[in-house]
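Trainee: Structure below; questions to follow.
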Amino acid sequence: MSQNTDTNEQTLNSKYLLDYYIKDFKYISPEALGVHKKGRMKKWTYKAVGKVWAVQVVRGFKQLFSQGSLHGIKYMLDPTFSRAERLTWVAIMIISVAACAGNITQLFLKWTSTPFVNVIDSLPSPVWAVPFPNVVLCPHLHVKLSYRNVNRFDDLEKFFASLVCPQMSKENRALDERLTPQQNLLLEKFILQGAPKCTEVIKSCYWRPSSQTWLTEECCTKLFSPVFTNYGLCFAFNSLPLHGMTNVTTAWQRTFSPYVSQKTLDWGLDAGYPKVFPPDPAMEPFRVMASGETNGLGVELYLNESEHQVACDGASVGFNLIISSPTNHVYSSTIIRLPMDRMTTIEVYPITYRTDSSLKGLLPERRQCFFQDERKLEYFESYTDSNCKLDLLIGEAKKSCNCVLYNWPKKSPSEPICSTKSDYLCINDVRAKVEEQLIYAYFADSEEQRKPTGQSSSCHPACNDVIYNSQVFYSDLKTDPAESPKWGYPGPGEITRLNVHFYDDSFLGQHRHAQYDDYYFVGAIGGLLSLFLGFSIISVAELIYFVLLRPLHAVVTEICHRHRS
C-alpha cells in the first residue's frame with residue numbers, strides 16, 4: 001500500500017498543469033505555508049532574526065535555482081530526474097561554467113595587457129590642422145677663409161675649430177685643462193664670427209601665408225633665427241619660441257640670437273590649434289592652408305666657395321638640411337644634402353598620432369606614452385621621446401662629467417664646456433650608460449615585466465605627436481646673368497634653391513583608443529554569461545529578489561508580528 005502511494009505521488013509530480021509541474025505548487029501549498037507558521041520567532045533576538053534570515057535565504061536559493069531564468073540548474077535539482085540524469089546535468093553545468101570562466105579570464109587578460117589599439121583615422125585631416133615642419137639650414141662652411149686660415153691657428157684656436165669642422169677631430173686636439181669662463185666666451189665669439197651670417201647665405205625667401213612676393217632682409221629678421229646643432233651654427237624656420245627650449249636657456253640663447261624672446265603659444269601637441277574659423281595663418285607655429293609649391297617655403301641660398309677651406313670642411317660644398325617637428329630638438333643626425341647649383345624640391349607628408357583622453361586613467365607605462373602634463377623636461381618645453389632622451393643625456397653628463405658639449409642647451413653661458421680628453425671619454429661613457437638605462441627601462445615597462453606603480457624612467461613617445469616624412473627631388477638650376485637678383489649675381493656654382501611644401505591637402509593620421517571601453521567590456525562579459533549560462537539582468541533581479549528582498553520582507557514581517565503579539 002505504501003509503495004503504491006509513493007508511485008502515485010511520483011506520477012503526480014511528473015504531470016503538468018499548463019506550463020508548470022504540479023510539484024511546483026507545493027511552494028504555495030498549505031504545507032509550505034505551515035512552515036512559515038512554524039518558523040515564526042517566539043522571542044525577538046538577533047539569533048532568532050539570523051535564523052529566520054538564513055531559512056529564507058536558503059529557501060530563496062532553492063526557488064531561484066528551480067524556477068529562475070538560469071539555464072540547466074533546475075535540472076540538477078529536479079526530483080523527477082534520475083540520479084544519472086542529474087549527474088549528467090551537473091557535469092554539463094561544470095563544463096559550461098568552466099568554459100565561461102575561461103573566456104572571461106582571457107578577455108580580462110587581453111584588456112589588461114593590451115588596453116588600447118592603434119587604428120588609422122577613418123576621415124582625412126587637413127594640412128592646416130598641423131604645423132608646417134621646422135626647416136633648419138646648416139651651411140657646409142664653418143670657418144670662413146676671410147676670417148682666419150685654419151692652417152695658421154694656435155693650439156687653442158685649433159681646438160675651437162675642431163668643435164665645428166668635420167675634418168678635424170676634437171678628441172685629438174683636446175686640451176690639457178678645461179676651458180675657463182673667459183675662454184668659453186672666446187669660443188662662442190670664434191664660432192659666430194667664423195661662420196657665415198644669416199644674411200650672407202639666405203638671400204631671399206618666399207612664405208605664402210605672410211607675403212605674395214619674395215622677401216630679402218625680412219628673411220633673417222622675421223622668418224629664420226640662429227640655432228646651434230650638431231653641424232654648428234644653423235638657421236631655423238618655423239621654430240618655436242626659444243627653439244622649443246625652456247626659459248632657463250634664455251640667457252645662453254641671447255648670446256647668439258638677438259631676436260630670441262619668450263612667448264606663450266595658443267598651440268600645443270595635446271590641444272592643437274584653437275578651434276576658430278577661418279584659421280589664422282599668422283599663428284605660431286606657422287601653418288599653410290593648402291599644398292603645393294606656391295603654398296610652401298621657398299629659399300634662395302648663396303655660398304661663397306672662395307671662403308671654403310678643405311682642411312675644415314672637406315671637399316663637399318653645399319648645405320645640410322634638417323626637417324622635423326617644431327617641438328623636437330634640432331640635434332639630429334638625420335639630414336638631407338642640398339648641393340649647389342641645383343633646385344631641390346622636398347615634398348612633406350605629415351603623420352599625426354592621437355590618443356583618446358579616456359586613456360589618461362591608465363598609467364603611462366601601461367599605455368606606453370606620455371601626455372604633456374605628465375612629464376616635464378628640464379631643457380625642453382614640449383615632451384617628445386627625442387627631447388626626453390637628450391634631456392636625460394644632458395642631465396647625466398652634468399652630474400657625472402660636470403660639463404656639457406659646446407652646442408648643448410645651457411642655463412648660463414659660463415657653464416663648463418667639455419674640452420679635455422677625460423671629458424670626452426666621460427661623455428662617451430655617459431652616452432653608453434644612458435642608452436643602457438633606456439634599454440633596461442623599456443624592458444622593465446614592457447608587457448611581461450611591467451611595473452605596477454612608480455614613475456616610468458623610459459622615454460616613451462608623446463601620446464599626441466606629429467612627424468614628417470619627406471621625399472626629395474633634384475633638378476638642374478639655370479640662371480640668366482641678364483636677370484640678376486636684387487642682391488646681385490655672384491657667379492655660377494654658388495647658388496642653390498629650395499622649396500618645401502606639403503604633398504597633399506589632407507592626410508590620414510593614426511588614432512589610439514581603448515580596445516574595450518566600459519560599455520563594450522560589460523557587454524562582452526554579459527554576452528559570455530548569457531551564452532554559457534543564460535545569465536541576464538533579469539537573473540540579477542531574481543537574485544536580489546529571492547536572496548535579499550524576500551528574506552528581508554520575511555524578517556520584517558516576523559518582527560512586526562512579534563510586536564503585535
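Chain identifiers are assigned as A, B, and so on, following the order in which chains appear in the C-alpha cells; residues are numbered from 1 within each chain, and ligands are numbered from 1 in order of appearance.
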Quick one: everything within 10 Å of range 504-510 of chain A, counting only C-alpha atoms, minus sequence neighbours fewer than 6 positions away in the same chain. Send it as a count of residues only.
Mentor: 28
Trainee: Write out as a CSV table (one decimal) with N, CA, C and O atoms, in the first residue's frame each polymer residue whose atoms come within 8 Å of range 146-148 of chain A, counting only C-alpha atoms; drop sequence neighbours fewer than 5 positions from it.
Mentor:
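Full text of result-v8.csv as output:
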```csv
chain,number,residue,atom,x,y,z
A,153,PHE,N,96.3,78.5,-37.2
A,153,PHE,CA,95.7,78.6,-35.9
A,153,PHE,C,96.7,78.2,-34.8
A,153,PHE,O,97.6,77.3,-35.1
A,193,GLN,N,81.8,84.5,-35.4
A,193,GLN,CA,82.5,85.4,-36.4
A,193,GLN,C,83.0,84.5,-37.5
A,193,GLN,O,83.1,85.0,-38.7
A,194,GLY,N,83.4,83.3,-37.3
A,194,GLY,CA,83.9,82.4,-38.3
A,194,GLY,C,82.9,81.8,-39.2
A,194,GLY,O,83.1,81.6,-40.4
A,307,GLU,N,85.4,81.1,-49.8
A,307,GLU,CA,85.6,81.1,-48.4
A,307,GLU,C,85.8,79.7,-47.9
A,307,GLU,O,86.1,79.5,-46.7
```
Trainee: Quick one: residues within 7 Å of Pro326 in chain A, only C-alpha atoms, excluding same-chain residues fewer than 6 positions away - as a ChimeraX atom specification?
Mentor: /A:133-134,238-240
Trainee: Could you take the residues named above and write them with all heavy atoms, as an mmCIF file, in the first residue's frame?
Mentor:
```cif
data_model
loop_
_atom_site.group_PDB
_atom_site.id
_atom_site.type_symbol
_atom_site.label_atom_id
_atom_site.label_comp_id
_atom_site.auth_asym_id
_atom_site.auth_seq_id
_atom_site.Cartn_x
_atom_site.Cartn_y
_atom_site.Cartn_z
ATOM 1 N N PRO A 133 56.504 72.025 -41.025
ATOM 2 C CA PRO A 133 57.691 71.487 -40.334
ATOM 3 C C PRO A 133 58.734 72.548 -40.048
ATOM 4 O O PRO A 133 58.781 73.607 -40.678
ATOM 5 C CB PRO A 133 58.213 70.435 -41.317
ATOM 6 C CG PRO A 133 57.672 70.831 -42.645
ATOM 7 C CD PRO A 133 56.335 71.447 -42.362
ATOM 8 N N ASN A 134 59.571 72.238 -39.085
ATOM 9 C CA ASN A 134 60.713 73.075 -38.753
ATOM 10 C C ASN A 134 61.816 72.781 -39.777
ATOM 11 O O ASN A 134 62.257 71.636 -39.910
ATOM 12 C CB ASN A 134 61.184 72.757 -37.338
ATOM 13 C CG ASN A 134 62.342 73.635 -36.906
ATOM 14 O OD1 ASN A 134 62.550 74.718 -37.440
ATOM 15 N ND2 ASN A 134 63.112 73.166 -35.942
ATOM 16 N N ASN A 238 60.366 78.411 -38.748
ATOM 17 C CA ASN A 238 59.183 77.873 -38.055
ATOM 18 C C ASN A 238 59.562 77.137 -36.777
ATOM 19 O O ASN A 238 58.970 76.113 -36.415
ATOM 20 C CB ASN A 238 58.372 76.948 -38.953
ATOM 21 C CG ASN A 238 56.927 76.826 -38.488
ATOM 22 O OD1 ASN A 238 56.381 77.755 -37.893
ATOM 23 N ND2 ASN A 238 56.308 75.690 -38.746
ATOM 24 N N SER A 239 60.554 77.660 -36.098
ATOM 25 C CA SER A 239 60.918 77.109 -34.804
ATOM 26 C C SER A 239 60.045 77.735 -33.723
ATOM 27 O O SER A 239 59.595 78.877 -33.840
ATOM 28 C CB SER A 239 62.396 77.380 -34.516
ATOM 29 O OG SER A 239 62.763 76.848 -33.266
ATOM 30 N N LEU A 240 59.794 77.003 -32.660
ATOM 31 C CA LEU A 240 59.020 77.533 -31.539
ATOM 32 C C LEU A 240 59.830 78.598 -30.804
ATOM 33 O O LEU A 240 61.050 78.702 -30.971
ATOM 34 C CB LEU A 240 58.652 76.404 -30.578
ATOM 35 C CG LEU A 240 57.755 75.286 -31.136
ATOM 36 C CD1 LEU A 240 57.462 74.273 -30.043
ATOM 37 C CD2 LEU A 240 56.464 75.852 -31.692
#
```
Trainee: Just want the 7 Å neighbourhood of Arg337 in chain A, counted on only C-alpha atoms, with same-chain residues fewer than 4 positions away dropped. Output as a PyMOL selection string.
Mentor: chain A and resi 319-321
Trainee: Please produce an output containing C-alpha atoms for each residue in the selection, written as a short mmCIF file (atom, residue, chain, number, x, y, z; two decimals), in the first residue's frame.
Mentor:
```
data_model
loop_
_atom_site.label_atom_id
_atom_site.label_comp_id
_atom_site.auth_asym_id
_atom_site.auth_seq_id
_atom_site.Cartn_x
_atom_site.Cartn_y
_atom_site.Cartn_z
CA PHE A 319 74.05 72.78 -47.15
CA ASN A 320 72.77 70.28 -44.61
CA LEU A 321 69.02 70.37 -44.13
#
```
Trainee: From a backbone DSSP assignment, name each residue in range 135-307 of chain A labelled alpha helix (DSSP H), as a VMD selection string.
Mentor: chain A and resid 155 to 164 181 to 194 198 to 201 218 250 to 253
Trainee: Output the selection as a compact mmCIF listing (two decimals), in the first residue's frame - N, CA, C and O atoms for each residue.
Mentor:
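As a result, part.txt now contains:
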```
# COMPACT_ATOMS: atom_id res chain seq x y z
N ASP A 155 97.13 76.51 -30.82
CA ASP A 155 96.54 75.31 -30.25
C ASP A 155 95.10 75.55 -29.78
O ASP A 155 94.22 74.70 -30.00
N LEU A 156 94.87 76.68 -29.13
CA LEU A 156 93.52 76.96 -28.62
C LEU A 156 92.54 77.15 -29.78
O LEU A 156 91.42 76.62 -29.77
N GLU A 157 92.96 77.87 -30.82
CA GLU A 157 92.08 78.10 -31.97
C GLU A 157 91.86 76.81 -32.75
O GLU A 157 90.77 76.58 -33.30
N LYS A 158 92.87 75.95 -32.81
CA LYS A 158 92.69 74.66 -33.47
C LYS A 158 91.66 73.81 -32.72
O LYS A 158 90.88 73.09 -33.34
N PHE A 159 91.67 73.91 -31.40
CA PHE A 159 90.65 73.20 -30.64
C PHE A 159 89.26 73.78 -30.92
O PHE A 159 88.29 73.03 -31.10
N PHE A 160 89.18 75.12 -30.96
CA PHE A 160 87.90 75.75 -31.30
C PHE A 160 87.41 75.26 -32.67
O PHE A 160 86.23 74.92 -32.84
N ALA A 161 88.32 75.24 -33.64
CA ALA A 161 87.92 74.82 -34.99
C ALA A 161 87.53 73.35 -35.03
O ALA A 161 86.62 72.95 -35.78
N SER A 162 88.18 72.52 -34.21
CA SER A 162 87.86 71.09 -34.22
C SER A 162 86.44 70.81 -33.73
O SER A 162 85.87 69.76 -34.04
N LEU A 163 85.85 71.73 -32.99
CA LEU A 163 84.49 71.54 -32.49
C LEU A 163 83.46 71.68 -33.60
O LEU A 163 82.37 71.11 -33.52
N VAL A 164 83.77 72.46 -34.64
CA VAL A 164 82.79 72.72 -35.70
C VAL A 164 83.23 72.15 -37.04
O VAL A 164 82.37 71.92 -37.92
N PRO A 181 85.80 80.26 -17.98
CA PRO A 181 84.65 81.06 -18.43
C PRO A 181 85.03 82.10 -19.48
O PRO A 181 84.24 82.37 -20.41
N GLN A 182 86.20 82.71 -19.38
CA GLN A 182 86.62 83.68 -20.39
C GLN A 182 86.87 83.00 -21.73
O GLN A 182 86.53 83.53 -22.80
N GLN A 183 87.47 81.82 -21.69
CA GLN A 183 87.70 81.08 -22.93
C GLN A 183 86.38 80.57 -23.53
O GLN A 183 86.29 80.42 -24.76
N ASN A 184 85.38 80.33 -22.69
CA ASN A 184 84.06 79.98 -23.22
C ASN A 184 83.52 81.10 -24.10
O ASN A 184 82.95 80.86 -25.17
N LEU A 185 83.69 82.34 -23.65
CA LEU A 185 83.24 83.48 -24.44
C LEU A 185 84.05 83.61 -25.72
O LEU A 185 83.50 83.96 -26.78
N LEU A 186 85.35 83.32 -25.65
CA LEU A 186 86.17 83.36 -26.86
C LEU A 186 85.72 82.31 -27.86
O LEU A 186 85.71 82.54 -29.08
N LEU A 187 85.35 81.13 -27.37
CA LEU A 187 84.87 80.07 -28.24
C LEU A 187 83.59 80.49 -28.96
O LEU A 187 83.45 80.31 -30.18
N GLU A 188 82.66 81.07 -28.23
CA GLU A 188 81.42 81.50 -28.85
C GLU A 188 81.67 82.61 -29.86
O GLU A 188 81.07 82.63 -30.95
N LYS A 189 82.56 83.51 -29.54
CA LYS A 189 82.90 84.58 -30.48
C LYS A 189 83.56 84.01 -31.73
O LYS A 189 83.28 84.46 -32.86
N PHE A 190 84.41 83.00 -31.56
CA PHE A 190 85.08 82.36 -32.69
C PHE A 190 84.04 81.74 -33.64
O PHE A 190 84.12 81.89 -34.85
N ILE A 191 83.06 81.02 -33.07
CA ILE A 191 82.06 80.34 -33.90
C ILE A 191 81.18 81.36 -34.62
O ILE A 191 80.90 81.22 -35.82
N LEU A 192 80.73 82.40 -33.91
CA LEU A 192 79.81 83.37 -34.51
C LEU A 192 80.49 84.20 -35.59
O LEU A 192 79.88 84.52 -36.62
N GLN A 193 81.76 84.55 -35.40
CA GLN A 193 82.46 85.35 -36.40
C GLN A 193 83.02 84.51 -37.53
O GLN A 193 83.12 84.99 -38.67
N GLY A 194 83.38 83.27 -37.26
CA GLY A 194 83.94 82.42 -38.30
C GLY A 194 82.88 81.85 -39.23
O GLY A 194 83.14 81.65 -40.42
N CYS A 198 73.48 84.85 -41.31
CA CYS A 198 72.23 84.50 -42.00
C CYS A 198 72.07 85.29 -43.29
O CYS A 198 71.71 84.72 -44.32
N THR A 199 72.36 86.57 -43.26
CA THR A 199 72.19 87.40 -44.45
C THR A 199 73.19 87.07 -45.54
O THR A 199 72.99 87.43 -46.70
N GLU A 200 74.27 86.37 -45.20
CA GLU A 200 75.27 86.00 -46.19
C GLU A 200 74.91 84.74 -46.96
O GLU A 200 75.43 84.51 -48.05
N VAL A 201 74.03 83.91 -46.41
CA VAL A 201 73.67 82.66 -47.08
C VAL A 201 72.21 82.65 -47.52
O VAL A 201 71.88 82.06 -48.56
N GLU A 218 63.82 90.66 -44.67
CA GLU A 218 62.89 90.10 -43.68
C GLU A 218 63.13 88.62 -43.43
O GLU A 218 62.67 88.07 -42.42
N THR A 250 67.30 80.99 -21.76
CA THR A 250 67.17 82.29 -22.42
C THR A 250 68.49 83.04 -22.45
O THR A 250 68.90 83.59 -23.49
N ALA A 251 69.19 83.09 -21.32
CA ALA A 251 70.45 83.85 -21.25
C ALA A 251 71.47 83.29 -22.22
O ALA A 251 72.19 84.04 -22.89
N TRP A 252 71.55 81.98 -22.34
CA TRP A 252 72.51 81.37 -23.27
C TRP A 252 72.12 81.66 -24.71
O TRP A 252 72.98 81.99 -25.54
N GLN A 253 70.84 81.57 -25.07
CA GLN A 253 70.43 81.76 -26.45
C GLN A 253 70.59 83.21 -26.91
O GLN A 253 70.81 83.47 -28.10
```
Trainee: Rounded to one decimal place, report the CA of Met340 in chain A-CA of Thr496 in chain A distance in Å.
Mentor: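 Value for the CA of Met340 in chain A-CA of Thr496 in chain A distance: 4.9 Å.
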